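What follows is the content of protein.pdb, which has PDB, C-alpha atoms:
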ATOM      1  CA  MET P   1     -21.470 -37.935  15.705
ATOM      2  CA  GLU P   2     -17.809 -38.645  15.042
ATOM      3  CA  GLU P   3     -15.102 -37.277  17.313
ATOM      4  CA  ARG P   4     -13.212 -34.283  15.990
ATOM      5  CA  LYS P   5      -9.510 -33.554  16.292
ATOM      6  CA  ASN P   6      -7.633 -30.247  16.347
ATOM      7  CA  LEU P   7      -5.572 -30.202  13.156
ATOM      8  CA  VAL P   8      -3.840 -26.853  13.545
ATOM      9  CA  ALA P   9      -4.019 -23.745  15.736
ATOM     10  CA  GLY P  10      -2.614 -20.306  15.028
ATOM     11  CA  GLY P  11      -3.401 -16.622  14.983
ATOM     12  CA  ASN P  12      -3.488 -16.039  11.221
ATOM     13  CA  LEU P  13      -7.126 -15.885  10.111
ATOM     14  CA  LEU P  14      -6.307 -15.508   6.407
ATOM     15  CA  GLN P  15      -4.106 -18.593   6.445
ATOM     16  CA  ALA P  16      -6.732 -20.558   8.383
ATOM     17  CA  HIS P  17      -9.422 -19.714   5.806
ATOM     18  CA  THR P  18      -7.040 -20.614   2.969
ATOM     19  CA  TRP P  19      -6.262 -23.986   4.521
ATOM     20  CA  LYS P  20      -9.940 -24.586   5.235
ATOM     21  CA  GLY P  21     -10.838 -23.927   1.593
ATOM     22  CA  LEU P  22      -8.073 -26.179   0.277
ATOM     23  CA  LEU P  23      -9.041 -29.023   2.586
ATOM     24  CA  GLU P  24     -12.731 -28.701   1.741
ATOM     25  CA  ALA P  25     -11.828 -28.807  -1.957
ATOM     26  CA  CYS P  26     -10.286 -32.224  -1.199
ATOM     27  CA  GLY P  27     -13.548 -33.397   0.361
ATOM     28  CA  ILE P  28     -12.486 -32.925   3.991
ATOM     29  CA  HIS P  29     -15.064 -31.223   6.218
ATOM     30  CA  VAL P  30     -13.328 -28.556   8.338
ATOM     31  CA  GLU P  31     -14.655 -26.659  11.324
ATOM     32  CA  LEU P  32     -13.072 -23.273  12.037
ATOM     33  CA  ARG P  33     -13.080 -22.337  15.726
ATOM     34  CA  GLY P  34     -12.006 -19.161  17.498
ATOM     35  CA  GLU P  35     -12.632 -16.734  14.648
ATOM     36  CA  ALA P  36     -15.101 -14.630  16.637
ATOM     37  CA  LEU P  37     -12.650 -14.265  19.534
ATOM     38  CA  LEU P  38     -10.051 -12.423  17.446
ATOM     39  CA  GLY P  39     -11.999  -9.205  17.949
ATOM     40  CA  GLY P  40     -11.077  -9.404  21.629
ATOM     41  CA  ILE P  41      -7.316  -9.132  21.113
ATOM     42  CA  GLY P  42      -5.967  -7.043  23.938
ATOM     43  CA  GLU P  43      -9.011  -7.783  26.095
ATOM     44  CA  LEU P  44      -8.844 -11.595  26.304
ATOM     45  CA  PRO P  45      -5.999 -13.812  27.551
ATOM     46  CA  THR P  46      -3.457 -14.588  24.808
ATOM     47  CA  ASP P  47      -4.232 -18.314  24.800
ATOM     48  CA  MET P  48      -7.741 -17.504  23.519
ATOM     49  CA  HIS P  49      -6.493 -15.707  20.365
ATOM     50  CA  ASN P  50      -5.932 -18.864  18.342
ATOM     51  CA  VAL P  51      -7.897 -19.823  15.276
ATOM     52  CA  GLU P  52      -8.206 -23.604  15.112
ATOM     53  CA  LEU P  53      -9.051 -26.028  12.318
ATOM     54  CA  TRP P  54     -10.862 -29.166  13.476
ATOM     55  CA  VAL P  55     -11.517 -32.238  11.338
ATOM     56  CA  ALA P  56     -13.180 -35.605  11.859
ATOM     57  CA  GLU P  57     -10.836 -38.125  13.455
ATOM     58  CA  SER P  58     -11.234 -40.422  10.436
ATOM     59  CA  GLN P  59      -9.991 -37.644   8.111
ATOM     60  CA  TYR P  60      -7.207 -36.370  10.368
ATOM     61  CA  MET P  61      -4.289 -38.175   8.665
ATOM     62  CA  LEU P  62      -5.525 -37.227   5.181
ATOM     63  CA  ALA P  63      -5.906 -33.580   6.240
ATOM     64  CA  LYS P  64      -2.431 -33.582   7.819
ATOM     65  CA  ALA P  65      -0.953 -35.000   4.591
ATOM     66  CA  GLN P  66      -2.728 -32.363   2.494
ATOM     67  CA  LEU P  67      -1.355 -29.532   4.653
ATOM     68  CA  SER P  68       2.143 -31.051   4.571
ATOM     69  CA  ALA P  69       2.015 -31.045   0.776
ATOM     70  CA  LEU P  70       1.484 -27.264   0.883
ATOM     71  CA  ASP P  71       4.843 -26.657   2.571
ATOM     72  CA  VAL P  72       6.656 -26.242  -0.721
ATOM     73  CA  VAL P  73       9.729 -24.039  -0.486
ATOM     74  CA  SER P  74       9.787 -21.456  -3.257
ATOM     75  CA  PRO P  75      13.105 -19.916  -4.299
ATOM     76  CA  GLN P  76      13.814 -16.267  -3.603
ATOM     77  CA  TRP P  77      13.474 -13.804  -6.451
ATOM     78  CA  GLN P  78      15.047 -10.427  -7.112
ATOM     79  CA  CYS P  79      12.950  -7.408  -8.004
ATOM     80  CA  VAL P  80      13.787  -5.805 -11.349
ATOM     81  CA  GLN P  81      12.766  -2.346 -10.112
ATOM     82  CA  CYS P  82      14.657  -2.039  -6.815
ATOM     83  CA  HIS P  83      16.804  -5.241  -6.860
ATOM     84  CA  GLU P  84      15.532  -6.304  -3.430
ATOM     85  CA  LEU P  85      15.539 -10.042  -2.634
ATOM     86  CA  ASN P  86      12.067 -11.380  -1.816
ATOM     87  CA  ASP P  87      10.896 -14.663  -0.348
ATOM     88  CA  GLY P  88       9.498 -17.072  -2.911
ATOM     89  CA  ASN P  89       5.968 -16.886  -1.526
ATOM     90  CA  PHE P  90       5.735 -13.109  -2.199
ATOM     91  CA  GLU P  91       3.929 -12.083  -5.378
ATOM     92  CA  LEU P  92       4.808  -8.395  -4.887
ATOM     93  CA  CYS P  93       8.151  -6.932  -3.892
ATOM     94  CA  TRP P  94       8.009  -6.070  -0.204
ATOM     95  CA  GLN P  95      10.187  -2.988  -0.801
ATOM     96  CA  CYS P  96       8.567  -1.298  -3.837
ATOM     97  CA  SER P  97       5.407  -3.381  -4.519
ATOM     98  CA  SER P  98       6.433  -4.296  -8.068
ATOM     99  CA  GLU P  99       4.786  -7.446  -9.377
ATOM    100  CA  ARG P 100       6.762 -10.625  -9.646
ATOM    101  CA  SER P 101       7.268 -11.989 -13.138
ATOM    102  CA  GLU P 102       9.322 -14.776 -14.641
ATOM    103  CA  SER P 103      11.989 -12.238 -15.567
ATOM    104  CA  HIS P 104      12.457 -11.437 -11.845
ATOM    105  CA  ASN P 105      14.069 -14.797 -11.079
TER     106      ASN P 105
END

Structure re-expressed in structure tokens:
Amino acid sequence: MEERKNLVAGGNLLQAHTWKGLLEACGIHVELRGEALLGGIGELPTDMHNVELWVAESQYMLAKAQLSALDVVSPQWQCVQCHELNDGNFELCWQCSSERSESHN
């Protein structure tokens, strides 16, 4: 069995599952570790709260490149309803929950 390498570690389970799905869609097998330990937050030491994505060593550089390609900076947009500025990765206004549309830019 091929050696595996830790690609990324963090506490955001939703982001970890999103990255896992995107990498698997590119043909990269991903192992998610630490998911079951998140239920112990507050009971376990903080260094055990991480969710980790592990990939085969031979696919490590490809997986790293795929994740780097996701770091696209989106421009801020202004909500038409409340005029609040929102980060580009938000689809709803954080202030009033109005949906983003092309007219919001």

Smallest atom-to-atom distance to P:Leu13: which of P:Leu92, P:Ala65, P:Val80, P:Val51, using all atoms listed in the file? P:Val51

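Proximity ranking of P:Arg100, P:His29, P:Asn89, P:Ala69 relative to P:Ala56 places P:His29 first, based on all atoms listed in the file.
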
Residue members of the PyMOL selection byres ((chain P and resi 7) around 8) in the file shown, as a PyMOL selection string: chain P and resi 5-6+8-9+52-55+60+63-64

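If you look at atom CA of P:Leu62 and atom CA of P:Asn12, they are 22.1 Å away from each other.
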
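For the pair atom CA of P:Lys20 and atom CA of P:Glu3, the interatomic distance is 18.3 Å.
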
Residues near P:Leu23, cut-off 9 Å, only C-alpha atoms, skip fewer than 5 positions along chain, as a ChimeraX atom specification: /P:18,28-30,63,66-67

Counting only C-alpha atoms, what is within 12 Å of P:Cys79, bar same-chain residues fewer than 6 positions away, as number ranges by chain? P: 85-88, 90-105

Now that the selection is made, can you save its residues with C-alpha atoms as a PDB file, keeping the file's coordinate frame?
ATOM      1  CA  LEU P  85      15.539 -10.042  -2.634  1.00  0.00           C
ATOM      2  CA  ASN P  86      12.067 -11.380  -1.816  1.00  0.00           C
ATOM      3  CA  ASP P  87      10.896 -14.663  -0.348  1.00  0.00           C
ATOM      4  CA  GLY P  88       9.498 -17.072  -2.911  1.00  0.00           C
ATOM      5  CA  PHE P  90       5.735 -13.109  -2.199  1.00  0.00           C
ATOM      6  CA  GLU P  91       3.929 -12.083  -5.378  1.00  0.00           C
ATOM      7  CA  LEU P  92       4.808  -8.395  -4.887  1.00  0.00           C
ATOM      8  CA  CYS P  93       8.151  -6.932  -3.892  1.00  0.00           C
ATOM      9  CA  TRP P  94       8.009  -6.070  -0.204  1.00  0.00           C
ATOM     10  CA  GLN P  95      10.187  -2.988  -0.801  1.00  0.00           C
ATOM     11  CA  CYS P  96       8.567  -1.298  -3.837  1.00  0.00           C
ATOM     12  CA  SER P  97       5.407  -3.381  -4.519  1.00  0.00           C
ATOM     13  CA  SER P  98       6.433  -4.296  -8.068  1.00  0.00           C
ATOM     14  CA  GLU P  99       4.786  -7.446  -9.377  1.00  0.00           C
ATOM     15  CA  ARG P 100       6.762 -10.625  -9.646  1.00  0.00           C
ATOM     16  CA  SER P 101       7.268 -11.989 -13.138  1.00  0.00           C
ATOM     17  CA  GLU P 102       9.322 -14.776 -14.641  1.00  0.00           C
ATOM     18  CA  SER P 103      11.989 -12.238 -15.567  1.00  0.00           C
ATOM     19  CA  HIS P 104      12.457 -11.437 -11.845  1.00  0.00           C
ATOM     20  CA  ASN P 105      14.069 -14.797 -11.079  1.00  0.00           C
TER      21      ASN P 105
END

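Coordinates place atom CA of P:Gly34 at a distance of 22.4 Å from atom CA of P:Ser58.
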
With all atoms listed in the file as the basis for distance, which of P:Arg4, P:Glu57, P:Glu84, P:Asn50 is at the shortest distance from P:Glu31? P:Arg4

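With distances taken over only C-alpha atoms, P:Cys26 is the one residue among P:Cys26, P:Gly21, P:Arg33, P:Ala16 lying closest to P:Gln59.
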